[in-house]
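*Asks:* Got a structure here, written out as structure tokens. Questions coming.
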Amino acid sequence: MSANFTLNGRDIIVVGGAGYIGSHVCKMIASTGGNPITFDNLSSGHAHAVKWGPFIKVDVRDRSALDIAFTDWEHVQTVVHLASSIEVGIGEKQPAEFYENNVTGALNLLNAMRKTKADQLIFSSTCAIYGETENMPLVESEPKNPFSTYGKTKLAIEHMIQSFQNAYGLNYVTLRYFNASGADAEGEIGEEHDPETHLIPIAIQSAMGSGRKMKIFGTDYDTPDGTCIRDYIHVTDIARAHIDAIRAFDQGLKTAEVNIGTGQGVSNLEILETIKRVTKLPLPYEPAPRRAGDLTRLYADAREAKSILRFEPCHSDLENIIRTAWQFHRSKKI
Ligand SMILES: NC(=O)c1ccc[n+]([C@@H]2O[C@H](COP(=O)([O-])OP(=O)(O)OC[C@H]3O[C@@H](n4cnc5c(N)ncnc54)[C@H](O)[C@@H]3O)[C@@H](O)[C@H]2O)c1
């Protein structure tokens, strides 16, 4: 991370910029002196989250609309691709829609980029591409056997990007995020998925009296408190990783695939205890059976991102994650 790096008014296309992570990426681009241009169809994102640059409503599945959207931005060199279907459960029931949105959408984007000056791609991948393993922390070279359709679509896109690199010289940084969490420190944006499937917002909403019963899936894992362990990384740190990737491109980086996590595991019960402490609200939960495909432990080996991108998380202590998420959810209720 370099505090002195500036984007000097550079235009950067952020596909999926109206979403949770995308809006934080846009804010980080703007605060680093750049101009984020959001391409989004608002299927799960929000127009009110686009606050830092132009908004172009476009669906990546529509190849000709995407080509037209690029015509005003043919000079742009760097594209961030976050647009995706992300709900793992829906992917199992509707794989056709999932592959179309994620894989066809990414193919359309790569083809649109080939017609312009865009030769740098930052792609939002996921730890879900690794599949079943007990080798923690997870290194990037670990075999890729995704359990879910979601993970399979992301791995297919990673392969596609590598082929475009080999054949057409596309430069890319693939960021395999672990669990994105927290919210903007100024409370301007935060996590607003509908339906929400992520533990922290569900638990905070439950503590705030959403009426949704809090379930913990599996309390008999081989961990100190019996619940699953995950790697929670603050969304502001994730956003910063994109700036670090752009700086690395500028310094000559051609390709990289790196984990974006903290390297630390936190259990589900530790999350609930921290939420109770920060919000000072009761948070009853109900033990539920394990879910198929849930690993006992999942946390990153974060050394590659540090050595290749000079990326180091600095907002991801659990208290800060919960405090910022809580501040965002509370402000929405007022
Ligand atoms: N949230 C996490 O913990 C996490 C973890 C690993 C990877 N990721 C990846 O990060 C990215 C962003 O995740 P998020 O949590 O911000 O999700 P999100 O749903 O909030 O954001 C996705 C954005 O993409 C847009 N979009 C979806 N399909 C589109 C299409 N066909 N055309 C144009 N825009 C479209 C949505 O409207 C939304 O604004 C995704 O690619 C996801 O797979 C997220």
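Letters A, B, ... go to the chains of the structure tokens in the order shown; residues in each chain start at 1; ligands are counted from 1 in the same order.
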Where does stretch 302-324 of chain A meet stretch 220-241 of chain A within 7 Å, residue by residue, with the nearest atom pair and distance in Å to one decimal for each, counting only C-alpha atoms, listed by chain and rising number, as a Markdown table?
*Replies:*
| residue | atom | partner | partner_atom | distance |
| --- | --- | --- | --- | --- |
| A:Phe311 | CA | A:Ala241 | CA | 5.9 |
| A:Pro313 | CA | A:Asp237 | CA | 5.3 |
| A:Cys314 | CA | A:Asp237 | CA | 6.7 |
| A:His315 | CA | A:His234 | CA | 5.9 |
| A:Ser316 | CA | A:His234 | CA | 4.8 |
| A:Ile321 | CA | A:His234 | CA | 6.0 |
*Asks:* Restrict the selected residues to N, CA and C atoms and save them as a PDB file, in the first residue's frame.
*Replies:*
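Written output follows (result10.pdb):
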ATOM      1  N   PHE A 311      -0.107  -5.314  -0.842  1.00  0.00           N
ATOM      2  CA  PHE A 311      -1.407  -5.152  -0.170  1.00  0.00           C
ATOM      3  C   PHE A 311      -1.322  -5.647   1.273  1.00  0.00           C
ATOM      4  N   PRO A 313      -4.009  -5.564   4.711  1.00  0.00           N
ATOM      5  CA  PRO A 313      -5.239  -5.071   5.319  1.00  0.00           C
ATOM      6  C   PRO A 313      -4.954  -4.240   6.559  1.00  0.00           C
ATOM      7  N   CYS A 314      -5.659  -3.125   6.706  1.00  0.00           N
ATOM      8  CA  CYS A 314      -5.447  -2.327   7.923  1.00  0.00           C
ATOM      9  C   CYS A 314      -6.767  -1.911   8.581  1.00  0.00           C
ATOM     10  N   HIS A 315      -7.909  -2.374   8.018  1.00  0.00           N
ATOM     11  CA  HIS A 315      -9.205  -2.024   8.627  1.00  0.00           C
ATOM     12  C   HIS A 315      -9.929  -3.268   9.152  1.00  0.00           C
ATOM     13  N   SER A 316      -9.262  -4.428   9.119  1.00  0.00           N
ATOM     14  CA  SER A 316      -9.993  -5.689   9.256  1.00  0.00           C
ATOM     15  C   SER A 316     -10.005  -6.299  10.645  1.00  0.00           C
ATOM     16  N   ILE A 321     -14.778  -4.143  11.918  1.00  0.00           N
ATOM     17  CA  ILE A 321     -15.720  -4.685  10.931  1.00  0.00           C
ATOM     18  C   ILE A 321     -17.147  -4.578  11.473  1.00  0.00           C
TER      19      ILE A 321
END
*Asks:* Select the residues contacting ligand 1 at a distance of at most 7 Å, based on only C-alpha atoms and all ligand atoms, then format the selection as a ChimeraX atom specification.
*Replies:* /A:15-22,39-46,58-61,82-86,101,105,124-127,176-181,192-193
*Asks:* Print the selection's residues with C-alpha atoms to a file, as a PDB file, in the first residue's frame.
*Replies:*
ATOM      1  CA  VAL A  15     -18.596  -3.082 -13.788  1.00  0.00           C
ATOM      2  CA  GLY A  16     -20.892  -3.851 -10.862  1.00  0.00           C
ATOM      3  CA  GLY A  17     -20.015  -0.501  -9.257  1.00  0.00           C
ATOM      4  CA  ALA A  18     -23.506  -0.102  -7.747  1.00  0.00           C
ATOM      5  CA  GLY A  19     -23.062  -3.182  -5.551  1.00  0.00           C
ATOM      6  CA  TYR A  20     -21.666  -3.655  -2.065  1.00  0.00           C
ATOM      7  CA  ILE A  21     -17.987  -4.089  -2.897  1.00  0.00           C
ATOM      8  CA  GLY A  22     -18.186  -2.129  -6.176  1.00  0.00           C
ATOM      9  CA  PHE A  39     -21.524   0.036 -15.496  1.00  0.00           C
ATOM     10  CA  ASP A  40     -24.363  -1.831 -13.754  1.00  0.00           C
ATOM     11  CA  ASN A  41     -27.846  -3.221 -14.481  1.00  0.00           C
ATOM     12  CA  LEU A  42     -28.997  -2.639 -10.865  1.00  0.00           C
ATOM     13  CA  SER A  43     -30.174  -6.258 -10.553  1.00  0.00           C
ATOM     14  CA  SER A  44     -28.755  -6.360  -7.026  1.00  0.00           C
ATOM     15  CA  GLY A  45     -26.987  -3.000  -6.791  1.00  0.00           C
ATOM     16  CA  HIS A  46     -28.487   0.371  -5.928  1.00  0.00           C
ATOM     17  CA  VAL A  58     -26.093  -1.661 -18.921  1.00  0.00           C
ATOM     18  CA  ASP A  59     -26.439  -5.424 -18.644  1.00  0.00           C
ATOM     19  CA  VAL A  60     -23.258  -7.397 -19.353  1.00  0.00           C
ATOM     20  CA  ARG A  61     -25.343 -10.193 -20.858  1.00  0.00           C
ATOM     21  CA  LEU A  82     -17.373  -7.223 -10.071  1.00  0.00           C
ATOM     22  CA  ALA A  83     -20.770  -7.838 -11.722  1.00  0.00           C
ATOM     23  CA  SER A  84     -21.987 -11.301 -10.868  1.00  0.00           C
ATOM     24  CA  SER A  85     -24.727 -13.457  -9.481  1.00  0.00           C
ATOM     25  CA  ILE A  86     -23.463 -14.250  -5.988  1.00  0.00           C
ATOM     26  CA  ASN A 101     -24.808 -13.885 -15.996  1.00  0.00           C
ATOM     27  CA  GLY A 105     -21.353 -11.693 -19.053  1.00  0.00           C
ATOM     28  CA  SER A 124     -13.392 -10.281  -8.515  1.00  0.00           C
ATOM     29  CA  SER A 125     -12.922 -13.978  -7.869  1.00  0.00           C
ATOM     30  CA  THR A 126     -13.509 -15.868  -4.654  1.00  0.00           C
ATOM     31  CA  CYS A 127     -12.100 -18.384  -2.201  1.00  0.00           C
ATOM     32  CA  ARG A 176      -9.812 -14.035  -4.778  1.00  0.00           C
ATOM     33  CA  TYR A 177     -11.690 -12.351  -1.973  1.00  0.00           C
ATOM     34  CA  PHE A 178     -12.455 -14.201   1.245  1.00  0.00           C
ATOM     35  CA  ASN A 179     -15.452 -12.944   3.325  1.00  0.00           C
ATOM     36  CA  ALA A 180     -16.156  -9.305   2.507  1.00  0.00           C
ATOM     37  CA  SER A 181     -17.545  -7.505   5.548  1.00  0.00           C
ATOM     38  CA  GLU A 192     -27.459  -4.060   1.177  1.00  0.00           C
ATOM     39  CA  HIS A 193     -28.108  -7.474  -0.361  1.00  0.00           C
TER      40      HIS A 193
END
*Asks:* I'd like to know which of A:Lys254, A:Arg303, A:His159, A:Lys280 is closest to A:Ile204, using only C-alpha atoms.
*Replies:* A:Lys280
*Asks:* Which residues are close to A:Pro36, i.e. within 9 Å by only C-alpha atoms, leaving aside same-chain residues fewer than 3 positions away? Reply as JSON, numbers by chain.
*Replies:* {"A": [10, 11, 12, 13, 14, 17, 25, 26, 27, 29, 30, 52, 53, 54, 55]}
*Asks:* Just checking: using only C-alpha atoms, which residue out of A:Leu7, A:Ile189, A:Val139, A:Ile322 ends up closest to A:Leu298?
*Replies:*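 So, comparing all the options, the nearest one is A:Val139.
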*Asks:* Do you know which residues are at most 8 Å from A:Tyr285 counting only C-alpha atoms, after dropping those on the same chain fewer than 5 positions away, and could you put them as a PyMOL selection string?
*Replies:* chain A and resi 213-216
*Asks:* Excluding A:Asp67 and residues on its chain fewer than 5 positions from it, collect all residues at most 9 Å away from it, counting only C-alpha atoms, and give them as a PyMOL selection string.
*Replies:* chain A and resi 62+108-109+111-113+115
*Asks:* Okay, now the selection with N, CA and C atoms, as a PDB file, in the first residue's frame?
*Replies:*
ATOM      1  N   ASP A  62     -25.912  -8.402 -22.408  1.00  0.00           N
ATOM      2  CA  ASP A  62     -26.324  -7.818 -23.688  1.00  0.00           C
ATOM      3  C   ASP A  62     -25.081  -7.284 -24.404  1.00  0.00           C
ATOM      4  N   ASN A 108     -18.594 -11.431 -22.720  1.00  0.00           N
ATOM      5  CA  ASN A 108     -18.996 -10.216 -23.436  1.00  0.00           C
ATOM      6  C   ASN A 108     -18.092  -9.042 -23.059  1.00  0.00           C
ATOM      7  N   LEU A 109     -17.788  -8.956 -21.776  1.00  0.00           N
ATOM      8  CA  LEU A 109     -16.955  -7.844 -21.313  1.00  0.00           C
ATOM      9  C   LEU A 109     -15.546  -7.947 -21.908  1.00  0.00           C
ATOM     10  N   ASN A 111     -14.681  -9.381 -24.638  1.00  0.00           N
ATOM     11  CA  ASN A 111     -14.741  -9.073 -26.075  1.00  0.00           C
ATOM     12  C   ASN A 111     -14.915  -7.578 -26.315  1.00  0.00           C
ATOM     13  N   ALA A 112     -15.736  -6.929 -25.483  1.00  0.00           N
ATOM     14  CA  ALA A 112     -15.914  -5.478 -25.627  1.00  0.00           C
ATOM     15  C   ALA A 112     -14.578  -4.769 -25.373  1.00  0.00           C
ATOM     16  N   MET A 113     -13.831  -5.225 -24.379  1.00  0.00           N
ATOM     17  CA  MET A 113     -12.540  -4.598 -24.060  1.00  0.00           C
ATOM     18  C   MET A 113     -11.564  -4.713 -25.234  1.00  0.00           C
ATOM     19  N   LYS A 115     -12.079  -4.360 -28.231  1.00  0.00           N
ATOM     20  CA  LYS A 115     -12.329  -3.354 -29.281  1.00  0.00           C
ATOM     21  C   LYS A 115     -11.895  -1.963 -28.841  1.00  0.00           C
TER      22      LYS A 115
END
*Asks:* Tell me which protein, DNA and RNA residues are within 12 Å of A:Val88, counting only C-alpha atoms, leaving out same-chain ones fewer than 6 positions away, and put them as a PyMOL selection string.
*Replies:* chain A and resi 94-95+98+126+128+146-154+195-198+291-294
*Asks:* With C-alpha atoms retained, export the selected residues as a PDB file, in the first residue's frame.
*Replies:*
ATOM      1  CA  GLN A  94     -30.759 -21.984 -11.499  1.00  0.00           C
ATOM      2  CA  PRO A  95     -27.353 -22.862 -12.975  1.00  0.00           C
ATOM      3  CA  PHE A  98     -25.887 -18.243 -13.176  1.00  0.00           C
ATOM      4  CA  THR A 126     -13.509 -15.868  -4.654  1.00  0.00           C
ATOM      5  CA  ALA A 128     -15.018 -20.613  -3.331  1.00  0.00           C
ATOM      6  CA  PRO A 146     -15.193 -25.756  -6.493  1.00  0.00           C
ATOM      7  CA  PHE A 147     -18.125 -27.367  -4.742  1.00  0.00           C
ATOM      8  CA  SER A 148     -20.756 -24.823  -5.791  1.00  0.00           C
ATOM      9  CA  THR A 149     -22.026 -23.667  -9.164  1.00  0.00           C
ATOM     10  CA  TYR A 150     -21.036 -20.171  -8.030  1.00  0.00           C
ATOM     11  CA  GLY A 151     -17.408 -21.264  -7.548  1.00  0.00           C
ATOM     12  CA  LYS A 152     -17.470 -23.153 -10.858  1.00  0.00           C
ATOM     13  CA  THR A 153     -18.572 -20.056 -12.781  1.00  0.00           C
ATOM     14  CA  LYS A 154     -15.783 -18.016 -11.166  1.00  0.00           C
ATOM     15  CA  PRO A 195     -32.111 -11.334   0.293  1.00  0.00           C
ATOM     16  CA  GLU A 196     -29.129 -11.132   2.626  1.00  0.00           C
ATOM     17  CA  THR A 197     -27.175 -14.372   2.968  1.00  0.00           C
ATOM     18  CA  HIS A 198     -24.047 -13.178   4.796  1.00  0.00           C
ATOM     19  CA  ARG A 291     -24.815 -27.325   5.414  1.00  0.00           C
ATOM     20  CA  ALA A 292     -23.438 -29.441   2.582  1.00  0.00           C
ATOM     21  CA  GLY A 293     -20.165 -28.043   1.269  1.00  0.00           C
ATOM     22  CA  ASP A 294     -19.319 -25.894   4.302  1.00  0.00           C
TER      23      ASP A 294
END
*Asks:* Skipping near chain neighbours, those fewer than 4 positions away, what residues fall within 8 Å of stretch 71-74 of chain A using only C-alpha atoms, listed as a ChimeraX atom specification?
*Replies:* /A:67,116-118
*Asks:* Mind dumping the selected residues with N, CA and C atoms as a CSV table (one decimal), in the first residue's frame?
*Replies:*
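So result.csv came out as:
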chain,number,residue,atom,x,y,z
A,67,ASP,N,-21.1,-3.1,-26.0
A,67,ASP,CA,-20.2,-2.4,-26.9
A,67,ASP,C,-20.6,-1.0,-27.1
A,116,THR,N,-11.4,-1.8,-27.6
A,116,THR,CA,-11.0,-0.5,-27.1
A,116,THR,C,-9.6,-0.5,-26.6
A,117,LYS,N,-9.2,0.5,-25.9
A,117,LYS,CA,-7.8,0.6,-25.4
A,117,LYS,C,-7.6,-0.2,-24.1
A,118,ALA,N,-8.7,-0.8,-23.6
A,118,ALA,CA,-8.7,-1.4,-22.3
A,118,ALA,C,-7.8,-2.7,-22.3
*Asks:* DSSP on the backbone: which residues in stretch 143-320 of chain A end up as strand (DSSP E)? Give the answer as a PyMOL selection string.
*Replies:* chain A and resi 171-177+179-181+215-217+229-230+232-234+255-260+266-267+286-288+297-298
*Asks:* Under the rule that only C-alpha atoms are counted, which of A:Pro137, A:Gly209, A:Gly91, A:Pro287 is the nearest residue to A:Gly263?
*Replies:*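 Closest residue, counting only C-alpha atoms: A:Pro137.
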*Asks:* As a PDB file with N, CA and C atoms, in the first residue's frame, which residues of stretch 125-231 of chain A does DSSP assign to alpha helix (DSSP H)?
*Replies:*
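Result file selection38.pdb:
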ATOM      1  N   THR A 149     -21.909 -24.226  -7.818  1.00  0.00           N
ATOM      2  CA  THR A 149     -22.026 -23.667  -9.164  1.00  0.00           C
ATOM      3  C   THR A 149     -21.405 -22.271  -9.186  1.00  0.00           C
ATOM      4  N   TYR A 150     -21.638 -21.516  -8.126  1.00  0.00           N
ATOM      5  CA  TYR A 150     -21.036 -20.171  -8.030  1.00  0.00           C
ATOM      6  C   TYR A 150     -19.520 -20.251  -8.218  1.00  0.00           C
ATOM      7  N   GLY A 151     -18.863 -21.122  -7.446  1.00  0.00           N
ATOM      8  CA  GLY A 151     -17.408 -21.264  -7.548  1.00  0.00           C
ATOM      9  C   GLY A 151     -16.984 -21.747  -8.934  1.00  0.00           C
ATOM     10  N   LYS A 152     -17.804 -22.637  -9.518  1.00  0.00           N
ATOM     11  CA  LYS A 152     -17.470 -23.153 -10.858  1.00  0.00           C
ATOM     12  C   LYS A 152     -17.514 -22.043 -11.897  1.00  0.00           C
ATOM     13  N   THR A 153     -18.513 -21.150 -11.793  1.00  0.00           N
ATOM     14  CA  THR A 153     -18.572 -20.056 -12.781  1.00  0.00           C
ATOM     15  C   THR A 153     -17.349 -19.148 -12.621  1.00  0.00           C
ATOM     16  N   LYS A 154     -16.933 -18.901 -11.391  1.00  0.00           N
ATOM     17  CA  LYS A 154     -15.783 -18.016 -11.166  1.00  0.00           C
ATOM     18  C   LYS A 154     -14.498 -18.656 -11.693  1.00  0.00           C
ATOM     19  N   LEU A 155     -14.371 -19.980 -11.502  1.00  0.00           N
ATOM     20  CA  LEU A 155     -13.174 -20.658 -12.003  1.00  0.00           C
ATOM     21  C   LEU A 155     -13.167 -20.647 -13.536  1.00  0.00           C
ATOM     22  N   ALA A 156     -14.355 -20.845 -14.142  1.00  0.00           N
ATOM     23  CA  ALA A 156     -14.446 -20.798 -15.612  1.00  0.00           C
ATOM     24  C   ALA A 156     -13.987 -19.429 -16.120  1.00  0.00           C
ATOM     25  N   ILE A 157     -14.381 -18.375 -15.408  1.00  0.00           N
ATOM     26  CA  ILE A 157     -13.973 -17.020 -15.835  1.00  0.00           C
ATOM     27  C   ILE A 157     -12.460 -16.859 -15.676  1.00  0.00           C
ATOM     28  N   GLU A 158     -11.916 -17.367 -14.576  1.00  0.00           N
ATOM     29  CA  GLU A 158     -10.455 -17.274 -14.397  1.00  0.00           C
ATOM     30  C   GLU A 158      -9.740 -17.922 -15.593  1.00  0.00           C
ATOM     31  N   HIS A 159     -10.234 -19.098 -16.020  1.00  0.00           N
ATOM     32  CA  HIS A 159      -9.607 -19.784 -17.162  1.00  0.00           C
ATOM     33  C   HIS A 159      -9.740 -18.952 -18.433  1.00  0.00           C
ATOM     34  N   MET A 160     -10.915 -18.363 -18.609  1.00  0.00           N
ATOM     35  CA  MET A 160     -11.170 -17.552 -19.799  1.00  0.00           C
ATOM     36  C   MET A 160     -10.204 -16.365 -19.837  1.00  0.00           C
ATOM     37  N   ILE A 161     -10.024 -15.729 -18.710  1.00  0.00           N
ATOM     38  CA  ILE A 161      -9.125 -14.566 -18.634  1.00  0.00           C
ATOM     39  C   ILE A 161      -7.690 -15.001 -18.977  1.00  0.00           C
ATOM     40  N   GLN A 162      -7.285 -16.172 -18.469  1.00  0.00           N
ATOM     41  CA  GLN A 162      -5.929 -16.663 -18.769  1.00  0.00           C
ATOM     42  C   GLN A 162      -5.767 -16.897 -20.272  1.00  0.00           C
ATOM     43  N   SER A 163      -6.813 -17.442 -20.926  1.00  0.00           N
ATOM     44  CA  SER A 163      -6.738 -17.667 -22.389  1.00  0.00           C
ATOM     45  C   SER A 163      -6.629 -16.344 -23.130  1.00  0.00           C
ATOM     46  N   PHE A 164      -7.379 -15.335 -22.673  1.00  0.00           N
ATOM     47  CA  PHE A 164      -7.305 -14.015 -23.315  1.00  0.00           C
ATOM     48  C   PHE A 164      -5.919 -13.397 -23.106  1.00  0.00           C
ATOM     49  N   GLN A 165      -5.316 -13.708 -21.983  1.00  0.00           N
ATOM     50  CA  GLN A 165      -3.954 -13.210 -21.748  1.00  0.00           C
ATOM     51  C   GLN A 165      -2.998 -13.859 -22.748  1.00  0.00           C
ATOM     52  N   ASN A 166      -3.096 -15.184 -22.872  1.00  0.00           N
ATOM     53  CA  ASN A 166      -2.182 -15.904 -23.772  1.00  0.00           C
ATOM     54  C   ASN A 166      -2.342 -15.445 -25.212  1.00  0.00           C
ATOM     55  N   ALA A 167      -3.591 -15.296 -25.649  1.00  0.00           N
ATOM     56  CA  ALA A 167      -3.830 -15.023 -27.071  1.00  0.00           C
ATOM     57  C   ALA A 167      -3.775 -13.540 -27.415  1.00  0.00           C
ATOM     58  N   TYR A 168      -4.278 -12.689 -26.512  1.00  0.00           N
ATOM     59  CA  TYR A 168      -4.440 -11.273 -26.886  1.00  0.00           C
ATOM     60  C   TYR A 168      -3.634 -10.323 -26.004  1.00  0.00           C
ATOM     61  N   LEU A 199     -23.411 -13.736   7.058  1.00  0.00           N
ATOM     62  CA  LEU A 199     -23.619 -13.871   8.507  1.00  0.00           C
ATOM     63  C   LEU A 199     -23.698 -12.535   9.250  1.00  0.00           C
ATOM     64  N   ILE A 200     -22.747 -11.640   9.011  1.00  0.00           N
ATOM     65  CA  ILE A 200     -22.692 -10.422   9.843  1.00  0.00           C
ATOM     66  C   ILE A 200     -23.941  -9.549   9.666  1.00  0.00           C
ATOM     67  N   PRO A 201     -24.327  -9.188   8.428  1.00  0.00           N
ATOM     68  CA  PRO A 201     -25.560  -8.381   8.319  1.00  0.00           C
ATOM     69  C   PRO A 201     -26.807  -9.103   8.823  1.00  0.00           C
ATOM     70  N   ILE A 202     -26.890 -10.412   8.600  1.00  0.00           N
ATOM     71  CA  ILE A 202     -28.064 -11.146   9.116  1.00  0.00           C
ATOM     72  C   ILE A 202     -28.099 -11.056  10.641  1.00  0.00           C
ATOM     73  N   ALA A 203     -26.933 -11.255  11.263  1.00  0.00           N
ATOM     74  CA  ALA A 203     -26.892 -11.240  12.732  1.00  0.00           C
ATOM     75  C   ALA A 203     -27.202  -9.843  13.267  1.00  0.00           C
ATOM     76  N   ILE A 204     -26.673  -8.815  12.617  1.00  0.00           N
ATOM     77  CA  ILE A 204     -26.951  -7.445  13.092  1.00  0.00           C
ATOM     78  C   ILE A 204     -28.438  -7.140  12.928  1.00  0.00           C
ATOM     79  N   GLN A 205     -29.006  -7.520  11.775  1.00  0.00           N
ATOM     80  CA  GLN A 205     -30.436  -7.266  11.565  1.00  0.00           C
ATOM     81  C   GLN A 205     -31.268  -8.046  12.574  1.00  0.00           C
ATOM     82  N   SER A 206     -30.809  -9.249  12.897  1.00  0.00           N
ATOM     83  CA  SER A 206     -31.528 -10.054  13.874  1.00  0.00           C
ATOM     84  C   SER A 206     -31.470  -9.391  15.263  1.00  0.00           C
ATOM     85  N   ALA A 207     -30.285  -8.897  15.639  1.00  0.00           N
ATOM     86  CA  ALA A 207     -30.150  -8.189  16.933  1.00  0.00           C
ATOM     87  C   ALA A 207     -31.019  -6.935  16.954  1.00  0.00           C
TER      88      ALA A 207
END
*Asks:* Between atom CA of A:Glu286 and atom CA of A:Glu134, what distance in Å does the model show, to one decimal?
*Replies:*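 A separation of 26.7 Å between them.
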*Asks:* Using only C-alpha atoms, which residue out of A:Gly190, A:Phe249, A:Ala256, A:Arg330 lies closest to A:His48?
*Replies:*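 Residue with the minimum atom-to-atom distance to A:His48: A:Gly190.
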*Asks:* With only C-alpha atoms as the atoms that count, which of A:Thr219, A:Asn171, A:Thr104, A:Thr78 lies nearest to A:Ala288?
*Replies:*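 With only C-alpha atoms as the atom set, the closest residue is A:Thr219.
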